[in-house]
>>> print(open('target-v2.tsv').read())   # TSV, C-alpha atoms
chain	number	residue	atom	x	y	z
A	1	MET	CA	8.53	-65.05	-143.68
A	2	GLU	CA	9.49	-68.59	-144.54
A	3	SER	CA	13.10	-69.61	-144.77
A	4	LYS	CA	14.50	-70.82	-148.02
A	5	THR	CA	17.02	-73.61	-148.54
A	6	ILE	CA	18.98	-73.78	-151.77
A	7	THR	CA	21.07	-76.78	-152.65
A	8	LEU	CA	24.51	-75.88	-153.97
A	9	GLU	CA	26.06	-78.58	-156.13
A	10	SER	CA	26.30	-77.28	-159.67
A	11	GLU	CA	27.45	-74.08	-161.30
A	12	HIS	CA	23.87	-73.28	-162.21
A	13	ASP	CA	22.93	-73.34	-158.50
A	14	ILE	CA	25.27	-70.38	-157.99
A	15	SER	CA	23.14	-68.14	-160.17
A	16	ILE	CA	19.94	-69.53	-158.62
A	17	ALA	CA	21.31	-68.69	-155.15
A	18	ARG	CA	22.22	-65.10	-155.96
A	19	HIS	CA	18.89	-64.58	-157.73
A	20	GLU	CA	16.92	-65.87	-154.73
A	21	VAL	CA	18.94	-63.80	-152.28
A	22	ARG	CA	18.35	-60.66	-154.33
A	23	LEU	CA	14.59	-61.37	-154.40
A	24	LEU	CA	14.49	-61.97	-150.64
A	25	ALA	CA	16.56	-58.87	-149.92
A	26	GLY	CA	14.24	-56.84	-152.14
A	27	ALA	CA	11.15	-58.23	-150.42
A	28	LEU	CA	12.65	-57.35	-147.03
A	29	GLY	CA	13.16	-53.77	-148.13
A	30	PHE	CA	16.94	-53.71	-148.58
A	31	ARG	CA	17.94	-50.86	-150.85
A	32	SER	CA	19.35	-51.58	-154.28
A	33	ILE	CA	23.02	-51.22	-153.37
A	34	ASP	CA	22.63	-53.65	-150.47
A	35	GLN	CA	20.79	-56.11	-152.72
A	36	THR	CA	23.81	-56.01	-155.03
A	37	ARG	CA	26.22	-56.49	-152.12
A	38	LEU	CA	24.27	-59.49	-150.84
A	39	ALA	CA	23.93	-61.05	-154.29
A	40	THR	CA	27.65	-60.64	-154.98
A	41	ILE	CA	28.72	-62.12	-151.65
A	42	THR	CA	26.27	-64.99	-152.15
A	43	SER	CA	27.80	-65.66	-155.54
A	44	GLU	CA	31.33	-65.74	-154.13
A	45	LEU	CA	30.49	-68.04	-151.21
A	46	ALA	CA	28.28	-70.33	-153.28
A	47	ARG	CA	31.01	-70.72	-155.88
A	48	ASN	CA	33.51	-71.58	-153.17
A	49	ILE	CA	31.25	-74.39	-151.99
A	50	VAL	CA	30.55	-75.79	-155.47
A	51	LYS	CA	34.21	-75.60	-156.41
A	52	TYR	CA	35.92	-76.91	-153.30
A	53	ALA	CA	33.32	-78.81	-151.27
A	54	GLU	CA	31.33	-80.06	-154.26
A	55	ARG	CA	28.04	-79.80	-152.44
A	56	GLY	CA	26.48	-77.75	-149.73
A	57	SER	CA	23.54	-75.53	-149.08
A	58	LEU	CA	22.43	-72.00	-148.41
A	59	ILE	CA	19.71	-71.26	-145.90
A	60	ALA	CA	18.28	-67.78	-146.26
A	61	GLN	CA	15.84	-66.48	-143.68
A	62	GLN	CA	14.52	-63.28	-142.26
A	63	ALA	CA	16.33	-62.43	-139.06
A	64	THR	CA	13.99	-61.07	-136.40
A	65	GLY	CA	13.86	-60.85	-132.65
A	66	GLY	CA	16.68	-58.41	-132.18
A	67	VAL	CA	16.57	-54.66	-132.27
A	68	ARG	CA	17.10	-54.70	-136.00
A	69	GLU	CA	15.59	-56.84	-138.67
A	70	GLY	CA	17.69	-58.38	-141.33
A	71	LEU	CA	18.46	-61.29	-143.58
A	72	ARG	CA	20.42	-64.26	-142.29
A	73	LEU	CA	22.39	-66.27	-144.82
A	74	VAL	CA	23.91	-69.55	-143.65
A	75	PHE	CA	26.30	-71.31	-146.02
A	76	GLU	CA	27.04	-74.91	-145.08
A	77	ASP	CA	29.19	-77.64	-146.51
A	78	ASN	CA	31.01	-80.77	-145.37
A	79	GLY	CA	33.92	-80.39	-147.70
A	80	PRO	CA	37.61	-80.81	-146.93
A	81	ARG	CA	39.03	-78.12	-144.67
A	82	HIS	CA	41.63	-77.13	-147.16
A	83	SER	CA	41.12	-76.54	-150.81
A	84	ARG	CA	42.74	-78.99	-153.16
A	85	TYR	CA	44.46	-76.24	-155.10
B	1	MET	CA	20.45	-76.78	-167.65
B	2	ASN	CA	19.29	-73.67	-169.48
B	3	GLU	CA	21.97	-72.37	-171.70
B	4	MET	CA	21.65	-68.73	-172.58
B	5	ARG	CA	22.92	-67.13	-175.73
B	6	ILE	CA	24.37	-63.65	-175.67
B	7	PRO	CA	24.18	-61.92	-179.06
B	8	ILE	CA	27.38	-60.59	-180.65
B	9	LEU	CA	26.70	-57.83	-183.20
B	10	LYS	CA	29.19	-56.38	-185.63
B	11	VAL	CA	28.94	-52.60	-185.95
B	12	GLY	CA	31.57	-51.29	-188.32
B	13	ARG	CA	34.81	-52.76	-187.07
B	14	VAL	CA	33.54	-53.20	-183.53
B	15	LEU	CA	31.87	-56.21	-181.95
B	16	LEU	CA	28.99	-55.10	-179.74
B	17	VAL	CA	28.17	-57.52	-176.93
B	18	PRO	CA	25.04	-56.57	-174.95
B	19	ILE	CA	24.85	-58.75	-171.85
B	20	GLN	CA	21.19	-58.65	-170.88
B	21	VAL	CA	20.82	-61.52	-168.49
B	22	ASP	CA	22.46	-62.76	-165.34
B	23	MET	CA	24.97	-65.27	-166.68
B	24	ASP	CA	25.77	-68.59	-165.09
B	25	ASP	CA	29.38	-69.80	-165.29
B	26	GLN	CA	28.74	-71.94	-168.34
B	27	THR	CA	27.35	-68.97	-170.27
B	28	VAL	CA	30.32	-66.84	-169.24
B	29	MET	CA	32.80	-69.38	-170.61
B	30	LEU	CA	30.78	-69.77	-173.79
B	31	LEU	CA	30.66	-66.02	-174.33
B	32	GLN	CA	34.43	-65.75	-173.98
B	33	GLU	CA	34.94	-68.34	-176.73
B	34	SER	CA	32.29	-66.82	-179.00
B	35	ILE	CA	33.84	-63.35	-178.82
B	36	LEU	CA	37.27	-64.66	-179.81
B	37	THR	CA	35.80	-66.76	-182.62
B	38	GLU	CA	33.90	-63.73	-183.93
B	39	LEU	CA	37.04	-61.58	-183.72
B	40	GLU	CA	38.85	-64.01	-185.96
B	41	ARG	CA	35.92	-64.49	-188.34
B	42	THR	CA	35.10	-60.81	-188.84
B	43	GLY	CA	38.48	-59.20	-188.39
B	44	ALA	CA	36.94	-56.70	-185.97
B	45	ARG	CA	39.41	-54.45	-184.15
B	46	GLY	CA	37.35	-53.57	-181.11
B	47	VAL	CA	35.04	-55.27	-178.58
B	48	LEU	CA	32.41	-53.28	-176.73
B	49	ILE	CA	30.78	-55.14	-173.86
B	50	ASP	CA	27.61	-53.54	-172.49
B	51	ILE	CA	27.00	-54.63	-168.89
B	52	SER	CA	24.30	-52.06	-168.07
B	53	MET	CA	21.76	-54.82	-167.43
B	54	LEU	CA	24.11	-56.78	-165.17
B	55	GLU	CA	23.02	-56.39	-161.56
B	56	MET	CA	26.13	-58.01	-160.18
B	57	VAL	CA	29.74	-58.59	-161.15
B	58	ASP	CA	31.53	-61.08	-158.93
B	59	SER	CA	35.16	-62.19	-159.09
B	60	PHE	CA	34.37	-64.81	-161.72
B	61	ILE	CA	32.69	-62.41	-164.14
B	62	GLY	CA	35.33	-59.77	-163.35
B	63	ARG	CA	38.09	-62.18	-164.27
B	64	MET	CA	36.21	-63.15	-167.44
B	65	LEU	CA	36.11	-59.49	-168.50
B	66	SER	CA	39.85	-59.11	-167.81
B	67	ASP	CA	40.63	-62.31	-169.70
B	68	ILE	CA	38.57	-61.27	-172.72
B	69	ALA	CA	40.44	-57.95	-172.84
B	70	ALA	CA	43.82	-59.71	-172.63
B	71	MET	CA	42.95	-62.32	-175.26
B	72	ALA	CA	41.40	-59.76	-177.61
B	73	ARG	CA	44.52	-57.61	-177.28
B	74	ILE	CA	46.66	-60.52	-178.39
B	75	MET	CA	44.35	-60.74	-181.41
B	76	ASP	CA	44.94	-57.03	-182.06
B	77	ALA	CA	41.58	-55.79	-180.78
B	78	ARG	CA	40.77	-53.35	-177.97
B	79	THR	CA	38.08	-54.05	-175.38
B	80	VAL	CA	35.87	-51.50	-173.65
B	81	VAL	CA	33.29	-52.28	-170.97
B	82	VAL	CA	30.38	-49.84	-170.79
B	83	GLY	CA	27.35	-49.10	-168.63
B	84	MET	CA	28.41	-50.39	-165.25
B	85	GLN	CA	25.73	-49.73	-162.63
B	86	PRO	CA	26.88	-47.65	-159.64
B	87	ALA	CA	26.01	-50.43	-157.19
B	88	VAL	CA	28.17	-52.83	-159.19
B	89	ALA	CA	31.11	-50.41	-159.18
B	90	ILE	CA	30.77	-49.86	-155.43
B	91	THR	CA	30.66	-53.59	-154.70
B	92	LEU	CA	33.64	-54.33	-156.97
B	93	VAL	CA	35.78	-51.79	-155.16
B	94	GLU	CA	34.58	-52.87	-151.72
B	95	LEU	CA	35.52	-56.46	-152.51
B	96	GLY	CA	38.93	-55.33	-153.75
B	97	LEU	CA	38.26	-56.66	-157.24
B	98	GLU	CA	39.97	-54.93	-160.10
B	99	LEU	CA	39.15	-55.19	-163.76
B	100	ASN	CA	42.77	-55.42	-164.83
B	101	GLY	CA	43.48	-54.24	-168.34
B	102	VAL	CA	39.86	-53.32	-169.02
B	103	ASP	CA	38.90	-49.83	-170.16
B	104	THR	CA	35.54	-48.74	-168.81
B	105	VAL	CA	33.38	-45.86	-170.01
B	106	LEU	CA	29.90	-44.69	-169.07
B	107	ASN	CA	27.83	-45.59	-172.12
B	108	VAL	CA	27.81	-47.19	-175.56
B	109	ASP	CA	28.28	-43.83	-177.37
B	110	GLU	CA	31.46	-43.07	-175.44
B	111	GLY	CA	32.64	-46.66	-175.93
B	112	ILE	CA	32.24	-46.50	-179.71
B	113	LYS	CA	34.03	-43.12	-179.77
B	114	LEU	CA	36.96	-44.44	-177.77
B	115	LEU	CA	37.28	-47.60	-179.87
B	116	ARG	CA	37.09	-45.63	-183.15
B	117	CYS	CA	39.92	-43.39	-181.93
B	118	GLU	CA	42.09	-46.34	-180.93
B	119	ILE	CA	41.39	-48.23	-184.16
B	120	ASP	CA	42.23	-45.15	-186.24
B	121	VAL	CA	45.52	-44.69	-184.39
B	122	ALA	CA	46.36	-48.36	-184.96
B	123	ASP	CA	45.53	-47.97	-188.67
B	124	ASP	CA	47.81	-44.94	-188.98
B	125	GLU	CA	50.63	-46.94	-187.44
B	126	ASP	CA	49.96	-49.81	-189.85
B	127	GLN	CA	50.14	-47.45	-192.82
B	128	LEU	CA	53.37	-45.94	-191.57
B	129	SER	CA	55.07	-49.30	-191.21
B	130	GLY	CA	53.67	-50.26	-194.64
B	131	GLU	CA	55.36	-47.28	-196.22
B	132	ILE	CA	58.68	-48.08	-194.60
B	133	ILE	CA	58.51	-51.62	-196.01
B	134	GLY	CA	57.78	-50.07	-199.41
B	135	ILE	CA	60.91	-47.95	-199.29
B	136	GLY	CA	62.93	-50.99	-198.29
B	137	GLU	CA	61.71	-52.89	-201.32
B	138	GLN	CA	62.56	-50.06	-203.66
B	139	ASN	CA	66.09	-49.90	-202.37
B	140	TYR	CA	66.44	-53.64	-202.80
B	141	HIS	CA	65.47	-53.49	-206.47
B	142	SER	CA	67.60	-50.49	-207.43
>>> encode(input="target-v2.tsv", output="structure tokens")
Amino acid sequence: MESKTITLESEHDISIARHEVRLLAGALGFRSIDQTRLATITSELARNIVKYAERGSLIAQQATGGVREGLRLVFEDNGPRHSRY
Amino acid sequence: MNEMRIPILKVGRVLLVPIQVDMDDQTVMLLQESILTELERTGARGVLIDISMLEMVDSFIGRMLSDIAAMARIMDARTVVVGMQPAVAITLVELGLELNGVDTVLNVDEGIKLLRCEIDVADDEDQLSGEIIGIGEQNYHS
């Protein structure tokens, strides 16, 4: 499965990110409750980036190679270490 | 940017707000304003927010629901949130998020029932205080 990169720089990107993560999680066979958990966490982390770092990205990819398969979500930004508020 | 519109329907003295799409932050803020504007315009005494189609409630949406309840209360209206999906409830609790000041019930029927009860109680209290004012006026004139 291909990995997906989502740019996070506007409030609208937050809802795009959680939508994409839910789709990926569904495609990978996560059950509904775990899809909700992943979407909610994605929303929280993505909002943090948009709000405090202004821009960043989310890389979502299938995690394989280990004993278990999963979904790897990497949130990256180059924002200030401390929030301004 | 796609801006979504959430309908606000007046049913009796209750505003019914069915949220049927995943809302971005902009839509959330807009909805908050629209509900308060409609409360003032219609004189409704209750707000019933149906979130049964919402697949996720994060801290932002949770805070929005709390804020709406607090603001509506100041405008003399009660707010009830109905139809929360089990997965949403589980995630809210796991994240330690609380919907402060928000009454939640299982479905729209129960929500309407609860709001009708509360509105009736508030009406009775209004009538009572009205009568007391009436007595006061009579005494003043005699």
>>> interface_residues(input="target-v2.tsv", of="chain B", to="chain A", cutoff="12 Å", atoms="only C-alpha atoms", output="PDB file with C-alpha atoms, keeping the file's coordinate frame")
ATOM      1  CA  MET B   1      20.450 -76.780-167.650  1.00  0.00           C
ATOM      2  CA  ASN B   2      19.290 -73.670-169.480  1.00  0.00           C
ATOM      3  CA  GLU B   3      21.970 -72.370-171.700  1.00  0.00           C
ATOM      4  CA  MET B   4      21.650 -68.730-172.580  1.00  0.00           C
ATOM      5  CA  VAL B  21      20.820 -61.520-168.490  1.00  0.00           C
ATOM      6  CA  ASP B  22      22.460 -62.760-165.340  1.00  0.00           C
ATOM      7  CA  MET B  23      24.970 -65.270-166.680  1.00  0.00           C
ATOM      8  CA  ASP B  24      25.770 -68.590-165.090  1.00  0.00           C
ATOM      9  CA  ASP B  25      29.380 -69.800-165.290  1.00  0.00           C
ATOM     10  CA  GLN B  26      28.740 -71.940-168.340  1.00  0.00           C
ATOM     11  CA  THR B  27      27.350 -68.970-170.270  1.00  0.00           C
ATOM     12  CA  VAL B  28      30.320 -66.840-169.240  1.00  0.00           C
ATOM     13  CA  MET B  29      32.800 -69.380-170.610  1.00  0.00           C
ATOM     14  CA  LEU B  54      24.110 -56.780-165.170  1.00  0.00           C
ATOM     15  CA  GLU B  55      23.020 -56.390-161.560  1.00  0.00           C
ATOM     16  CA  MET B  56      26.130 -58.010-160.180  1.00  0.00           C
ATOM     17  CA  VAL B  57      29.740 -58.590-161.150  1.00  0.00           C
ATOM     18  CA  ASP B  58      31.530 -61.080-158.930  1.00  0.00           C
ATOM     19  CA  SER B  59      35.160 -62.190-159.090  1.00  0.00           C
ATOM     20  CA  PHE B  60      34.370 -64.810-161.720  1.00  0.00           C
ATOM     21  CA  ILE B  61      32.690 -62.410-164.140  1.00  0.00           C
ATOM     22  CA  GLY B  62      35.330 -59.770-163.350  1.00  0.00           C
ATOM     23  CA  GLN B  85      25.730 -49.730-162.630  1.00  0.00           C
ATOM     24  CA  PRO B  86      26.880 -47.650-159.640  1.00  0.00           C
ATOM     25  CA  ALA B  87      26.010 -50.430-157.190  1.00  0.00           C
ATOM     26  CA  VAL B  88      28.170 -52.830-159.190  1.00  0.00           C
ATOM     27  CA  ALA B  89      31.110 -50.410-159.180  1.00  0.00           C
ATOM     28  CA  ILE B  90      30.770 -49.860-155.430  1.00  0.00           C
ATOM     29  CA  THR B  91      30.660 -53.590-154.700  1.00  0.00           C
ATOM     30  CA  LEU B  92      33.640 -54.330-156.970  1.00  0.00           C
ATOM     31  CA  VAL B  93      35.780 -51.790-155.160  1.00  0.00           C
ATOM     32  CA  GLU B  94      34.580 -52.870-151.720  1.00  0.00           C
ATOM     33  CA  LEU B  95      35.520 -56.460-152.510  1.00  0.00           C
ATOM     34  CA  LEU B  97      38.260 -56.660-157.240  1.00  0.00           C
TER      35      LEU B  97
END
>>> atom_distance(input="target-v2.tsv", atom1="CA of Pro80 in chain A", atom2="CA of Ala63 in chain A")
29.2 Å
>>> atom_distance(input="target-v2.tsv", atom1="CA of Ile119 in chain B", atom2="CA of Gly12 in chain B")
11.1 Å
>>> residues_around(input="target-v2.tsv", residues="Ala77 in chain B", least_positions_apart="5", cutoff="10 Å", atoms="all atoms listed in the file", output="list of chain:residue names")
B:Arg13, B:Val14, B:Leu15, B:Leu36, B:Leu39, B:Gly43, B:Ala44, B:Arg45, B:Gly46, B:Val47, B:Ala69, B:Ala70, B:Met71, B:Ala72, B:Leu115, B:Glu118, B:Ile119, B:Ala122
>>> write_last_selection(input="target-v2.tsv", atoms="C-alpha atoms", output="CSV table (one decimal), in the coordinates of the input")
chain,number,residue,atom,x,y,z
B,13,ARG,CA,34.8,-52.8,-187.1
B,14,VAL,CA,33.5,-53.2,-183.5
B,15,LEU,CA,31.9,-56.2,-182.0
B,36,LEU,CA,37.3,-64.7,-179.8
B,39,LEU,CA,37.0,-61.6,-183.7
B,43,GLY,CA,38.5,-59.2,-188.4
B,44,ALA,CA,36.9,-56.7,-186.0
B,45,ARG,CA,39.4,-54.4,-184.2
B,46,GLY,CA,37.4,-53.6,-181.1
B,47,VAL,CA,35.0,-55.3,-178.6
B,69,ALA,CA,40.4,-58.0,-172.8
B,70,ALA,CA,43.8,-59.7,-172.6
B,71,MET,CA,43.0,-62.3,-175.3
B,72,ALA,CA,41.4,-59.8,-177.6
B,115,LEU,CA,37.3,-47.6,-179.9
B,118,GLU,CA,42.1,-46.3,-180.9
B,119,ILE,CA,41.4,-48.2,-184.2
B,122,ALA,CA,46.4,-48.4,-185.0
>>> atom_distance(input="target-v2.tsv", atom1="CA of Thr7 in chain A", atom2="CA of Leu45 in chain A")
12.9 Å
>>> closest_residue(input="target-v2.tsv", among="B:Glu125, B:Glu110, B:Glu38, B:Glu98", to="Met75 in chain B", atoms="only C-alpha atoms")
B:Glu38
>>> residues_around(input="target-v2.tsv", residues="Gly56 in chain A", least_positions_apart="3", cutoff="6 Å", atoms="all atoms listed in the file", output="PyMOL selection string")
chain A and resi 8+76-77
>>> write_last_selection(input="target-v2.tsv", atoms="C-alpha atoms", output="tab-separated table (two decimals), in the frame of the given file")
chain	number	residue	atom	x	y	z
A	8	LEU	CA	24.51	-75.88	-153.97
A	76	GLU	CA	27.04	-74.91	-145.08
A	77	ASP	CA	29.19	-77.64	-146.51
>>> residues_around(input="target-v2.tsv", residues="Val50 in chain A", least_positions_apart="4", cutoff="6 Å", atoms="all atoms listed in the file", output="short mmCIF file (atom, residue, chain, number, x, y, z; two decimals) with C-alpha atoms, in the coordinates of the input")
data_model
loop_
_atom_site.label_atom_id
_atom_site.label_comp_id
_atom_site.auth_asym_id
_atom_site.auth_seq_id
_atom_site.Cartn_x
_atom_site.Cartn_y
_atom_site.Cartn_z
CA GLU A 9 26.06 -78.58 -156.13
CA GLU A 54 31.33 -80.06 -154.26
CA ARG A 55 28.04 -79.80 -152.44
#
>>> residues_around(input="target-v2.tsv", residues="Val74 in chain A", least_positions_apart="3", cutoff="8 Å", atoms="all atoms listed in the file", output="short mmCIF file (atom, residue, chain, number, x, y, z; two decimals) with C-alpha atoms, keeping the file's coordinate frame")
data_model
loop_
_atom_site.label_atom_id
_atom_site.label_comp_id
_atom_site.auth_asym_id
_atom_site.auth_seq_id
_atom_site.Cartn_x
_atom_site.Cartn_y
_atom_site.Cartn_z
CA LEU A 58 22.43 -72.00 -148.41
CA ILE A 59 19.71 -71.26 -145.90
CA ALA A 60 18.28 -67.78 -146.26
#
>>> closest_residue(input="target-v2.tsv", among="B:Leu65, B:Ile35, B:Leu48, B:Leu30", to="Arg78 in chain B", atoms="all atoms listed in the file")
B:Leu48
